[in-house]
Structure formats: structure tokens, C-alpha cells
>>> print(open('structure.txt').read())   # compact mmCIF, C-alpha atoms
# COMPACT_ATOMS: atom_id res chain seq x y z
CA MET A 1362 99.68 60.90 139.77
CA MET A 1363 101.74 59.97 142.82
CA ASN A 1364 100.57 61.71 146.00
CA LYS A 1365 102.82 64.29 147.65
CA TYR A 1366 103.70 62.05 150.63
CA THR A 1367 105.00 59.25 148.39
CA LYS A 1368 106.97 61.83 146.37
CA THR A 1369 108.50 63.18 149.57
CA ILE A 1370 109.51 59.65 150.65
CA PHE A 1371 111.19 59.06 147.26
CA PHE A 1372 112.90 62.45 147.56
CA ILE A 1373 114.19 61.94 151.13
CA ILE A 1374 115.51 58.43 150.48
CA GLY A 1375 117.08 59.57 147.21
CA LEU A 1376 118.69 62.59 148.86
CA ALA A 1377 120.10 60.41 151.64
CA VAL A 1378 121.69 58.01 149.15
CA PHE A 1379 122.91 60.95 147.03
CA SER A 1380 124.60 62.48 150.09
CA TYR A 1381 126.20 59.11 150.93
CA LEU A 1382 127.63 58.77 147.41
CA ILE A 1383 129.01 62.33 147.40
CA ASN A 1384 130.66 61.69 150.76
CA ASP A 1385 132.00 58.31 149.59
CA PHE A 1386 133.68 59.77 146.50
CA GLY A 1387 134.86 62.86 148.35
CA LEU A 1388 133.59 66.31 147.49
CA ASP A 1389 137.13 67.75 147.27
CA ASN A 1390 138.13 64.98 144.86
CA ILE A 1391 135.12 65.69 142.63
CA ILE A 1392 135.70 69.47 142.61
CA THR A 1393 139.42 69.04 141.83
CA ASN A 1394 138.70 66.86 138.80
CA ILE A 1395 135.91 69.14 137.56
CA LYS A 1396 138.40 72.04 137.67
CA LYS A 1397 140.85 69.86 135.73
CA THR A 1398 138.16 69.32 133.08
CA GLY A 1399 137.49 73.05 132.85
CA TRP A 1400 134.75 74.37 130.55
CA TRP A 1401 134.53 70.94 128.89
CA PHE A 1402 132.50 69.85 131.93
CA VAL A 1403 129.57 71.95 130.65
CA PRO A 1404 129.10 69.93 127.41
CA VAL A 1405 129.81 66.70 129.35
CA VAL A 1406 126.79 67.45 131.56
CA GLY A 1407 124.73 69.08 128.81
CA ILE A 1408 125.00 66.18 126.38
CA TRP A 1409 123.06 64.02 128.82
CA GLY A 1410 120.17 66.46 128.67
CA VAL A 1411 120.01 65.57 124.96
CA VAL A 1412 120.29 61.84 125.76
CA TYR A 1413 117.39 62.00 128.24
CA TYR A 1414 115.37 64.07 125.75
CA MET A 1415 115.77 61.30 123.14
CA ASN A 1416 115.02 58.59 125.73
CA ALA A 1417 111.82 60.46 126.62
CA TRP A 1418 110.74 60.62 122.97
CA ALA A 1419 111.32 56.87 122.63
CA TRP A 1420 109.10 56.23 125.66
CA TYR A 1421 106.58 58.78 124.36
CA TYR A 1422 106.20 56.70 121.17
CA ILE A 1423 105.71 53.51 123.20
CA ILE A 1424 103.04 55.04 125.43
CA ASP A 1425 101.26 56.56 122.42
CA ALA A 1426 101.05 59.55 124.74
CA LYS A 1427 99.41 61.86 122.22
CA LYS A 1428 96.29 59.68 122.16
CA LYS A 1429 96.37 59.23 125.93
CA LYS A 1430 96.79 62.98 126.44
CA VAL A 1431 100.02 62.86 128.42
CA SER A 1432 102.33 65.77 127.61
CA PHE A 1433 105.90 65.24 126.45
CA ILE A 1434 107.16 67.53 129.23
CA GLU A 1435 105.65 65.16 131.82
CA ILE A 1436 107.30 62.16 130.13
CA PHE A 1437 110.63 64.05 129.97
CA GLU A 1438 110.53 64.92 133.68
CA ILE A 1439 109.58 61.36 134.70
CA THR A 1440 112.36 60.01 132.46
CA ILE A 1441 115.04 62.12 134.18
CA SER A 1442 113.73 61.23 137.66
CA GLY A 1443 113.44 57.54 136.76
CA PHE A 1444 117.06 57.34 135.62
CA ALA A 1445 118.16 59.31 138.71
CA ILE A 1446 116.52 56.69 140.95
CA ASN A 1447 118.11 53.90 138.90
CA TYR A 1448 121.56 55.40 139.48
CA ILE A 1449 121.13 55.34 143.25
CA THR A 1450 119.28 52.01 143.55
CA PRO A 1451 121.55 49.29 144.97
CA PHE A 1452 122.04 46.00 143.15
CA VAL A 1453 119.65 45.80 140.16
CA ASN A 1454 119.43 49.53 139.32
CA LEU A 1455 115.74 49.29 138.48
CA GLY A 1456 114.24 51.43 141.26
CA GLY A 1457 113.11 54.04 138.73
CA GLU A 1458 110.62 51.66 137.10
CA PRO A 1459 108.15 51.55 140.05
CA TYR A 1460 108.38 55.36 140.19
CA ARG A 1461 107.50 55.63 136.48
CA ILE A 1462 104.50 53.34 136.99
CA LEU A 1463 103.26 55.31 140.00
CA MET A 1464 103.53 58.57 138.06
CA LEU A 1465 101.62 57.25 135.04
CA GLN A 1466 98.98 54.98 136.53
CA LYS A 1467 96.42 57.77 137.07
CA PRO A 1468 96.59 59.47 133.63
CA ILE A 1469 96.80 56.28 131.50
CA GLY A 1470 95.64 53.47 133.83
CA THR A 1471 97.59 50.89 135.81
CA HIS A 1472 97.76 48.21 133.08
CA SER A 1473 98.95 50.71 130.46
CA ALA A 1474 101.46 52.24 132.89
CA VAL A 1475 102.94 48.84 133.79
CA SER A 1476 103.07 47.64 130.17
CA SER A 1477 104.63 50.90 128.91
CA VAL A 1478 107.37 50.73 131.57
CA ILE A 1479 108.07 47.05 130.86
CA LEU A 1480 108.11 47.76 127.13
CA TYR A 1481 110.50 50.68 127.47
CA THR A 1482 112.80 48.71 129.80
CA MET A 1483 112.90 45.82 127.30
CA LEU A 1484 113.50 48.20 124.41
CA HIS A 1485 116.19 50.06 126.40
CA PHE A 1486 118.00 46.74 126.92
CA LEU A 1487 117.55 45.92 123.23
CA SER A 1488 119.13 49.19 122.10
CA ASN A 1489 121.99 48.47 124.52
CA PHE A 1490 122.53 45.06 122.92
CA PHE A 1491 122.67 46.65 119.44
CA PHE A 1492 125.06 49.31 120.79
CA TRP A 1493 127.42 46.65 122.14
CA VAL A 1494 127.17 44.54 118.97
CA THR A 1495 128.12 47.59 116.87
CA ALA A 1496 131.14 48.24 119.11
CA ILE A 1497 132.29 44.59 119.00
CA LEU A 1498 132.05 44.48 115.19
CA TYR A 1499 134.03 47.72 115.00
CA ALA A 1500 136.70 46.31 117.34
CA LEU A 1501 136.98 42.98 115.51
CA ILE A 1502 137.26 44.58 112.07
CA LEU A 1503 139.34 47.69 112.71
CA LEU A 1504 141.25 47.46 116.00
CA PRO A 1505 144.58 45.61 116.47
CA LEU A 1506 143.43 43.21 119.20
CA SER A 1507 145.12 40.11 120.60
CA ASN A 1508 143.78 36.71 119.48
CA GLU A 1509 142.60 35.98 123.04
CA LEU A 1510 140.54 39.18 123.15
CA LYS A 1511 139.09 38.47 119.69
CA ILE A 1512 137.88 35.06 120.88
CA ILE A 1513 136.27 36.64 123.96
CA LEU A 1514 134.55 39.31 121.83
CA ILE A 1515 133.22 36.70 119.37
CA ALA A 1516 131.78 34.72 122.30
CA VAL A 1517 130.16 37.88 123.71
CA LEU A 1518 128.80 38.68 120.22
CA LEU A 1519 127.08 35.28 120.06
CA VAL A 1520 125.56 35.76 123.53
CA LEU A 1521 124.29 39.24 122.63
CA SER A 1522 122.80 37.93 119.36
CA PHE A 1523 120.83 35.38 121.40
CA PHE A 1524 119.55 38.09 123.75
CA ILE A 1525 118.48 40.27 120.79
CA TRP A 1526 116.52 37.33 119.35
CA PHE A 1527 114.99 36.59 122.76
CA VAL A 1528 113.86 40.18 123.44
CA PHE A 1529 112.32 40.49 119.95
CA LYS A 1530 110.45 37.23 120.59
CA ARG A 1531 109.13 38.52 123.93
CA HIS A 1532 107.89 41.69 122.23
CA LYS A 1533 106.06 39.54 119.68
CA LEU A 1534 104.67 36.83 121.98
CA GLY A 1535 104.39 38.66 125.30
CA VAL A 1536 106.10 38.13 128.64
CA PHE A 1537 103.70 36.82 131.26
CA GLU A 1538 101.86 34.01 129.45
CA SER A 1539 105.05 32.07 128.75
CA LEU A 1540 106.38 32.94 132.22
CA LEU A 1541 103.26 31.56 133.92
CA ASN A 1542 103.41 28.42 131.75
CA PHE A 1543 107.06 27.92 132.75
CA ILE A 1544 106.30 28.41 136.47
CA ALA A 1545 103.44 25.90 136.25
CA LYS A 1546 105.86 23.23 134.94
CA VAL A 1547 108.43 23.66 137.73
CA PRO A 1548 107.42 21.79 140.92
CA LEU A 1549 109.50 24.06 143.17
CA LEU A 1550 107.58 27.11 141.93
CA LYS A 1551 104.05 25.86 142.61
CA ARG A 1552 103.68 28.15 145.62
CA LEU A 1553 104.59 31.15 143.46
CA LYS A 1554 102.08 29.99 140.83
CA LYS A 1555 99.28 29.97 143.45
CA LYS A 1556 100.14 33.55 144.44
CA LEU A 1557 100.06 34.68 140.82
CA ASP A 1558 96.80 32.90 139.88
CA PRO A 1559 94.50 35.68 141.23
CA LYS A 1560 96.50 38.22 139.18
CA GLU A 1561 96.48 36.22 135.95
CA ASP A 1562 93.80 38.35 134.24
CA SER A 1563 95.71 41.55 134.95
CA LEU A 1564 98.97 40.01 133.75
CA MET A 1565 97.30 38.86 130.53
CA LYS A 1566 95.97 42.39 129.88
CA ILE A 1567 99.49 43.77 130.31
CA ASP A 1568 100.77 41.02 127.99
CA GLU A 1569 98.26 42.05 125.32
CA GLU A 1570 99.51 45.64 125.43
CA ILE A 1571 103.12 44.44 125.15
CA LYS A 1572 102.28 42.33 122.08
CA HIS A 1573 100.15 45.08 120.55
CA LEU A 1574 103.11 47.47 120.21
CA PHE A 1575 105.26 45.08 118.19
CA ASN A 1576 102.51 43.37 116.22
CA HIS A 1577 100.26 46.35 115.41
CA ARG A 1578 102.36 49.49 115.95
CA LYS A 1579 105.62 48.48 114.31
CA LYS A 1580 106.43 52.03 113.18
CA ALA A 1581 106.23 53.30 116.78
CA PHE A 1582 108.29 50.32 118.01
CA PHE A 1583 111.14 50.80 115.54
CA SER A 1584 111.05 54.60 115.88
CA ALA A 1585 111.49 54.21 119.64
CA LEU A 1586 114.26 51.64 119.17
CA VAL A 1587 116.20 53.83 116.71
CA LEU A 1588 115.81 56.89 118.97
CA ASP A 1589 117.07 55.00 122.02
CA TYR A 1590 120.03 53.60 120.05
CA LEU A 1591 120.91 57.07 118.71
CA ALA A 1592 120.69 58.43 122.27
CA ARG A 1593 123.47 56.01 123.21
CA MET A 1594 125.56 57.21 120.26
CA VAL A 1595 125.07 60.82 121.41
CA GLY A 1596 126.19 59.74 124.90
CA VAL A 1597 129.53 58.67 123.37
CA LEU A 1598 130.39 62.37 123.04
CA GLU A 1599 130.81 62.48 126.83
CA PHE A 1600 133.98 60.39 126.56
CA LEU A 1601 135.20 62.45 123.60
CA PHE A 1602 134.75 65.69 125.57
CA ILE A 1603 136.38 64.31 128.76
CA LEU A 1604 139.50 63.16 126.91
CA LYS A 1605 139.67 66.39 124.89
CA ALA A 1606 139.75 68.23 128.23
CA ILE A 1607 143.13 66.63 129.10
CA GLY A 1608 144.57 67.10 125.61
CA MET A 1609 143.93 63.62 124.20
CA ASP A 1610 142.92 63.80 120.54
CA ILE A 1611 140.85 60.66 119.99
CA SER A 1612 138.33 59.88 117.24
CA PHE A 1613 134.58 59.46 117.74
CA MET A 1614 134.91 55.71 117.01
CA GLU A 1615 137.60 55.31 119.68
CA ALA A 1616 135.34 57.13 122.15
CA PHE A 1617 132.49 54.87 121.01
CA TYR A 1618 134.57 51.74 121.75
CA ILE A 1619 135.53 53.07 125.21
CA SER A 1620 131.90 53.96 126.01
CA ALA A 1621 130.42 50.66 124.81
CA GLY A 1622 133.17 48.49 126.33
CA SER A 1623 132.98 50.09 129.78
CA SER A 1624 129.17 50.00 129.63
CA LEU A 1625 129.19 46.28 128.79
CA ILE A 1626 131.48 45.43 131.72
CA THR A 1627 129.43 47.62 134.09
CA ASN A 1628 126.22 45.82 133.05
CA ILE A 1629 127.78 42.38 133.46
CA PHE A 1630 128.35 43.32 137.11
CA PHE A 1631 124.90 44.96 137.47
CA PHE A 1632 124.48 43.39 140.92
CA MET A 1633 127.19 45.57 142.48
CA PRO A 1634 125.66 48.17 144.84
CA PHE A 1635 125.62 51.59 143.15
CA GLN A 1636 127.99 50.12 140.47
CA LEU A 1637 130.85 50.98 142.82
CA GLY A 1638 134.18 50.10 141.21
CA THR A 1639 132.70 48.44 138.11
CA LEU A 1640 132.78 51.59 135.95
CA GLU A 1641 136.40 52.28 136.88
CA ALA A 1642 137.39 48.62 136.33
CA GLY A 1643 135.60 48.59 132.98
CA LEU A 1644 137.38 51.74 131.83
CA TYR A 1645 140.73 50.33 132.99
CA LEU A 1646 140.29 47.15 130.93
CA VAL A 1647 138.95 48.87 127.81
CA LEU A 1648 141.65 51.56 127.73
CA ASP A 1649 144.33 48.94 128.26
CA SER A 1650 142.99 46.88 125.32
CA ILE A 1651 143.62 49.76 122.90
CA LYS A 1652 147.03 50.64 124.40
CA LEU A 1653 145.91 53.83 126.13
CA SER A 1654 147.07 54.63 129.65
CA ALA A 1655 144.71 52.66 131.88
CA GLY A 1656 145.22 55.20 134.67
CA ILE A 1657 143.19 57.71 132.64
CA GLY A 1658 140.20 55.50 133.43
CA ILE A 1659 140.21 56.73 137.03
CA TYR A 1660 139.92 60.35 135.87
CA ILE A 1661 137.17 59.49 133.34
CA GLY A 1662 135.31 57.55 136.03
CA ILE A 1663 135.34 60.50 138.44
CA ILE A 1664 134.00 62.90 135.78
CA ASN A 1665 131.34 60.31 134.82
CA ARG A 1666 130.31 60.19 138.48
CA ALA A 1667 130.25 63.99 138.75
CA ARG A 1668 127.94 64.14 135.72
CA GLU A 1669 125.73 61.45 137.26
CA PHE A 1670 125.56 63.39 140.54
CA PHE A 1671 124.40 66.51 138.68
CA TRP A 1672 121.55 64.67 136.94
CA ILE A 1673 120.65 62.69 140.09
CA LEU A 1674 120.13 66.00 141.90
CA ILE A 1675 118.01 67.34 139.01
CA GLY A 1676 115.97 64.12 139.00
CA LEU A 1677 115.39 64.25 142.76
CA LEU A 1678 114.27 67.88 142.60
CA LEU A 1679 111.84 66.97 139.81
CA ILE A 1680 110.43 64.18 141.99
CA GLN A 1681 109.69 66.63 144.78
CA PHE A 1682 108.39 69.53 142.70
CA ASN A 1683 106.91 67.80 139.64
CA GLY A 1684 103.19 68.44 139.46
CA ILE A 1685 103.12 71.51 141.75
CA LYS A 1686 102.21 73.81 138.87
CA LYS A 1687 99.57 71.37 137.74
CA ASP A 1688 98.17 71.17 141.28
CA LYS A 1689 97.98 74.98 141.41
CA LYS A 1690 96.18 75.09 138.06
CA THR A 1691 93.75 72.39 139.18
CA LYS A 1692 93.11 74.25 142.43
CA GLY A 1693 92.56 77.48 140.48
CA LYS A 1694 89.99 75.82 138.21
CA ARG A 1695 88.23 74.28 141.21
CA ASP A 1696 88.07 77.65 142.99
CA LEU A 1697 86.66 79.27 139.85
CA LEU A 1698 83.94 76.60 139.51
CA GLU A 1699 83.05 77.00 143.20
CA TYR A 1700 82.83 80.79 142.73
CA ILE A 1701 80.55 80.43 139.68
CA SER A 1702 78.40 77.91 141.56
CA ASP A 1703 78.05 80.28 144.56
CA GLU A 1704 77.15 83.23 142.30
CA SER A 1705 74.49 81.22 140.46
CA GLN A 1706 72.87 80.39 143.79
>>> encode(input="structure.txt", output="C-alpha cells")
Amino acid sequence: MMNKYTKTIFFIIGLAVFSYLINDFGLDNIITNIKKTGWWFVPVVGIWGVVYYMNAWAWYYIIDAKKKKVSFIEIFEITISGFAINYITPFVNLGGEPYRILMLQKPIGTHSAVSSVILYTMLHFLSNFFFWVTAILYALILLPLSNELKIILIAVLLVLSFFIWFVFKRHKLGVFESLLNFIAKVPLLKRLKKKLDPKEDSLMKIDEEIKHLFNHRKKAFFSALVLDYLARMVGVLEFLFILKAIGMDISFMEAFYISAGSSLITNIFFFMPFQLGTLEAGLYLVLDSIKLSAGIGIYIGIINRAREFFWILIGLLLIQFNGIKKDKKTKGKRDLLEYISDESQ
């Protein structure tokens, strides 16, 4: 487990960024729009507890946590905190992955921790690709779109199909062996290859664990993939609830298209710090494509952010306090053993 000083560092940095984001969006602005949403804000926030619960089960299957004696509650807490860190990490939004590794390296070993995090990240992307593909097929078949937009969606569909094939192949053949072979063939990367050579054995062990899941634990792999995909479908309800709050009666499939479309645009611009502006721009474009008032996207974006802020705070608190009960139990057991040892003497 991560030591308390490292946890505190994560917590302080996270809290500082969290405070910056709240200040940037304006606390009054957030409160005003939450009041506008009314009691619908409760299910908007609550539905993401279900999403994270399903994400945690998907990761639990990948880790094979039952055999490695890691409790689901631990995985659930780390999942929430990991996503909270991702939300507040500038540019690549992957800051939660090192945290997950640090939290798991003691109970399951460093190689297993690294491979399980890489595997879940790859699978999380894969479920996203399937989510977007489903939305594009729905839009092409059932929505009255312009010919220009149809051409764009078909092109995106082809790109996503390639990525799905590529990620499946990496699950089957591993990640690092082919990466090291590629680096070795590129003259400009020879210096990087020399730095990685001492770590080749460790990378190959991680690669073996990555391949083992797909090649020998297919049931666990596809169970995790289906769970993660269904978690995204549950997340669609957030958009349904937000629009219901302002009297817009939309169908689940329309909410699904809005969710997937805005998510796709946000991920295309993943390099933007804190995703500032990309969510709102994505919502604007998607709503406009189905002839809904694009201005509603600003309101949806603010409520999305408010929901994110709630779960970021929960995640940060879990970082700071996760493991305290366990530490107390461990201390209690140690004190008891010392007492028994003293009495026997």
C-alpha cells in the first residue's frame, strides 16, 4: 500500500487543483445551475456511483482479485480515487494510473499491479470505442443527418474499427515486446532503447500477464469488457436526467447519442488541460446536429462539471483516509501479539 506521506501529497495537490477548478467555473454559477436542476441533481450524481461500481467490478475481474485476496471494497475505493485524479490531471488525463499501481503493488506485486492497470486502461478504451461505434451506427441508421455529417461519421467509424482491431491484437500479443522491437528499428530511438534494456525482463513479465488475460482467461476478459461497456450505457442516464430537469422530454437513445458524441469530441481533444472548453464545445456540436438548441449545451456542461466536482472530492477524501481502518486493525493485531508474547515470558 502507498505510505501516508505519498497519500498526503496526492491529496494536497489534488485539493489545490480542485480548488482552482471550482474558482475557475465560479461557485455561484455552479450553485445557481444546481438549484435550476432541483432534485434531479441527486440521481445525476448518484448514477455515477453505479458507473464506478461497475468499473470496479470490471477491474476486479481483470486483477483476479479473489485469488490475490484483494477485497472488492478496496478496488472500488481505488477506482473512484483513480478517476478523480484523472479528472484533474492536465493534458493526458492519466494521472490516476500511477496512483492505482502504487495502491496495488504491495498486495499483488509490482508486475501484477502494472499489468492490471495497463489491461484495464486498454479495456476501458476498448469499451469506449464500442460505445462510440454503437452511437455512430444509431445516428447513421435512424437520425436525419446531412450528407456531410454522414461522410464524417463513416470516416470516424472506419478509424474506430481500426483501433478496436489494434487493441484486441495488443491484448493477444502483448504490448512491450512489439514496442521494444519497433524502438530497436528506429535509429533516432536508440538512446531510449539503451535505457529500456535493463528493464526488458520486467517488461516481458508484464507482457506475459497482459497476454495471459486474453489468451487464457477469456471469460474474465469479456465479462470485464461487457461490464465496462454497460457502465457507459448507465452513464447515459445522466444526460436524460439533466434534460428532464429543464422540461425536455428526450428518449434514452437521443441521450445516448448526446453522451457518446460529446464524449468522442472531448477525447479527440484529450490534450486540453482539464478538458476546459472541449466538453462544452462537444455538446454544442452534437446538440446542433440533431436540431436541439445548442445553448442547452452550456447548462449541461455546467451540471456535468458539478457532478465531476462532487466525485473528485469523494475521490480525494478516499485517497487521504483509505487504509486508516486497516492500519488500526493491523496495529490492534500487533499490540495483541506483543501482549501475548510478554505474558508468555
>>> residues_near_point(input="structure.txt", point="(117.8, 62.5, 138.1)", cutoff="9 Å", atoms="all atoms listed in the file", output="JSON, numbers by chain")
{"A": [1438, 1439, 1440, 1441, 1442, 1443, 1444, 1445, 1446, 1447, 1448, 1669, 1670, 1671, 1672, 1673, 1674, 1675, 1676, 1677, 1678, 1679, 1680]}
>>> atom_distance(input="structure.txt", atom1="atom CA of Val1597 of chain A", atom2="atom CA of Phe1617 of chain A")
5.4 Å
>>> residues_around(input="structure.txt", residues="Trp1409 of chain A", least_positions_apart="2", cutoff="9 Å", atoms="all atoms listed in the file", output="mmCIF file with C-alpha atoms, in the frame of the given file")
data_model
loop_
_atom_site.group_PDB
_atom_site.id
_atom_site.type_symbol
_atom_site.label_atom_id
_atom_site.label_comp_id
_atom_site.auth_asym_id
_atom_site.auth_seq_id
_atom_site.Cartn_x
_atom_site.Cartn_y
_atom_site.Cartn_z
ATOM 1 C CA PRO A 1404 129.100 69.930 127.410
ATOM 2 C CA VAL A 1405 129.810 66.700 129.350
ATOM 3 C CA VAL A 1406 126.790 67.450 131.560
ATOM 4 C CA GLY A 1407 124.730 69.080 128.810
ATOM 5 C CA VAL A 1411 120.010 65.570 124.960
ATOM 6 C CA VAL A 1412 120.290 61.840 125.760
ATOM 7 C CA TYR A 1413 117.390 62.000 128.240
ATOM 8 C CA TYR A 1414 115.370 64.070 125.750
ATOM 9 C CA ALA A 1592 120.690 58.430 122.270
ATOM 10 C CA VAL A 1595 125.070 60.820 121.410
ATOM 11 C CA GLY A 1596 126.190 59.740 124.900
ATOM 12 C CA GLU A 1599 130.810 62.480 126.830
ATOM 13 C CA ARG A 1668 127.940 64.140 135.720
ATOM 14 C CA TRP A 1672 121.550 64.670 136.940
#
>>> closest_residue(input="structure.txt", among="A:Leu1382, A:Lys1579, A:Tyr1460, A:Leu1541", to="Leu1553 of chain A", atoms="only C-alpha atoms")
A:Leu1541
>>> residues_around(input="structure.txt", residues="Phe1491 of chain A", least_positions_apart="4", cutoff="9 Å", atoms="all atoms listed in the file", output="JSON list (two decimals) with C-alpha atoms, in the frame of the given file")
[["chain", "number", "residue", "atom", "x", "y", "z"],
["A", 1486, "PHE", "CA", 118.00, 46.74, 126.92],
["A", 1487, "LEU", "CA", 117.55, 45.92, 123.23],
["A", 1495, "THR", "CA", 128.12, 47.59, 116.87],
["A", 1496, "ALA", "CA", 131.14, 48.24, 119.11],
["A", 1521, "LEU", "CA", 124.29, 39.24, 122.63],
["A", 1522, "SER", "CA", 122.80, 37.93, 119.36],
["A", 1525, "ILE", "CA", 118.48, 40.27, 120.79],
["A", 1590, "TYR", "CA", 120.03, 53.60, 120.05]]
>>> residues_around(input="structure.txt", residues="Leu1564 of chain A", least_positions_apart="3", cutoff="8 Å", atoms="all atoms listed in the file", output="list in words")
Phe1537, Glu1538, Lys1560, Glu1561, Ile1567 and Asp1568 of chain A
>>> atom_distance(input="structure.txt", atom1="atom CA of Lys1572 of chain A", atom2="atom CA of Val1536 of chain A")
8.7 Å
>>> residues_around(input="structure.txt", residues="Leu1588 of chain A", least_positions_apart="4", cutoff="12 Å", atoms="only C-alpha atoms", output="compact mmCIF listing (two decimals) with C-alpha atoms, in the coordinates of the input")
# COMPACT_ATOMS: atom_id res chain seq x y z
CA VAL A 1411 120.01 65.57 124.96
CA VAL A 1412 120.29 61.84 125.76
CA TYR A 1413 117.39 62.00 128.24
CA TYR A 1414 115.37 64.07 125.75
CA MET A 1415 115.77 61.30 123.14
CA ASN A 1416 115.02 58.59 125.73
CA ALA A 1417 111.82 60.46 126.62
CA TRP A 1418 110.74 60.62 122.97
CA ALA A 1419 111.32 56.87 122.63
CA TRP A 1420 109.10 56.23 125.66
CA TYR A 1421 106.58 58.78 124.36
CA TYR A 1422 106.20 56.70 121.17
CA ILE A 1423 105.71 53.51 123.20
CA TYR A 1481 110.50 50.68 127.47
CA LEU A 1484 113.50 48.20 124.41
CA HIS A 1485 116.19 50.06 126.40
CA LEU A 1487 117.55 45.92 123.23
CA SER A 1488 119.13 49.19 122.10
CA ASN A 1489 121.99 48.47 124.52
CA ALA A 1581 106.23 53.30 116.78
CA PHE A 1582 108.29 50.32 118.01
CA PHE A 1583 111.14 50.80 115.54
CA SER A 1584 111.05 54.60 115.88
CA ALA A 1592 120.69 58.43 122.27
CA ARG A 1593 123.47 56.01 123.21
CA MET A 1594 125.56 57.21 120.26
CA VAL A 1595 125.07 60.82 121.41
>>> decode(input="structure.txt", residues="segment 1458-1482 of chain A", atoms="N, CA and C atoms", output="compact mmCIF listing (two decimals), in the first residue's frame")
# COMPACT_ATOMS: atom_id res chain seq x y z
N GLU A 1458 -3.59 6.48 -13.08
CA GLU A 1458 -2.98 5.15 -13.29
C GLU A 1458 -1.78 4.91 -12.38
N PRO A 1459 -0.84 5.86 -12.24
CA PRO A 1459 0.25 5.66 -11.27
C PRO A 1459 -0.27 5.45 -9.86
N TYR A 1460 -1.32 6.18 -9.48
CA TYR A 1460 -1.92 6.02 -8.15
C TYR A 1460 -2.44 4.59 -7.97
N ARG A 1461 -3.13 4.07 -8.97
CA ARG A 1461 -3.66 2.70 -8.88
C ARG A 1461 -2.53 1.69 -8.69
N ILE A 1462 -1.44 1.90 -9.43
CA ILE A 1462 -0.29 0.98 -9.33
C ILE A 1462 0.31 1.04 -7.93
N LEU A 1463 0.51 2.26 -7.42
CA LEU A 1463 1.08 2.42 -6.08
C LEU A 1463 0.22 1.76 -5.01
N MET A 1464 -1.10 1.84 -5.17
CA MET A 1464 -2.00 1.27 -4.18
C MET A 1464 -2.03 -0.26 -4.22
N LEU A 1465 -1.72 -0.83 -5.40
CA LEU A 1465 -1.85 -2.29 -5.55
C LEU A 1465 -0.52 -3.04 -5.51
N GLN A 1466 0.59 -2.31 -5.60
CA GLN A 1466 1.86 -3.02 -5.77
C GLN A 1466 2.24 -3.89 -4.57
N LYS A 1467 1.83 -3.46 -3.34
CA LYS A 1467 2.16 -4.28 -2.17
C LYS A 1467 1.30 -5.54 -2.08
N PRO A 1468 -0.05 -5.44 -2.21
CA PRO A 1468 -0.86 -6.66 -2.06
C PRO A 1468 -0.71 -7.66 -3.21
N ILE A 1469 -0.46 -7.21 -4.46
CA ILE A 1469 -0.43 -8.18 -5.57
C ILE A 1469 0.92 -8.20 -6.30
N GLY A 1470 1.87 -7.35 -5.91
CA GLY A 1470 3.17 -7.32 -6.57
C GLY A 1470 3.21 -6.26 -7.66
N THR A 1471 4.40 -5.72 -7.89
CA THR A 1471 4.56 -4.61 -8.84
C THR A 1471 4.18 -5.00 -10.25
N HIS A 1472 4.68 -6.17 -10.74
CA HIS A 1472 4.39 -6.58 -12.11
C HIS A 1472 2.89 -6.77 -12.33
N SER A 1473 2.23 -7.42 -11.37
CA SER A 1473 0.78 -7.65 -11.49
C SER A 1473 0.02 -6.33 -11.41
N ALA A 1474 0.47 -5.42 -10.55
CA ALA A 1474 -0.19 -4.12 -10.42
C ALA A 1474 -0.09 -3.33 -11.72
N VAL A 1475 1.12 -3.29 -12.29
CA VAL A 1475 1.32 -2.55 -13.55
C VAL A 1475 0.50 -3.17 -14.67
N SER A 1476 0.56 -4.50 -14.81
CA SER A 1476 -0.16 -5.17 -15.90
C SER A 1476 -1.67 -5.00 -15.75
N SER A 1477 -2.19 -5.08 -14.51
CA SER A 1477 -3.64 -4.95 -14.31
C SER A 1477 -4.12 -3.55 -14.66
N VAL A 1478 -3.30 -2.53 -14.34
CA VAL A 1478 -3.67 -1.15 -14.66
C VAL A 1478 -3.61 -0.92 -16.16
N ILE A 1479 -2.55 -1.42 -16.80
CA ILE A 1479 -2.45 -1.30 -18.27
C ILE A 1479 -3.61 -2.02 -18.94
N LEU A 1480 -3.91 -3.23 -18.47
CA LEU A 1480 -5.01 -4.01 -19.03
C LEU A 1480 -6.35 -3.29 -18.88
N TYR A 1481 -6.59 -2.74 -17.69
CA TYR A 1481 -7.88 -2.06 -17.51
C TYR A 1481 -7.95 -0.80 -18.36
N THR A 1482 -6.84 -0.06 -18.46
CA THR A 1482 -6.83 1.15 -19.29
C THR A 1482 -7.12 0.81 -20.75
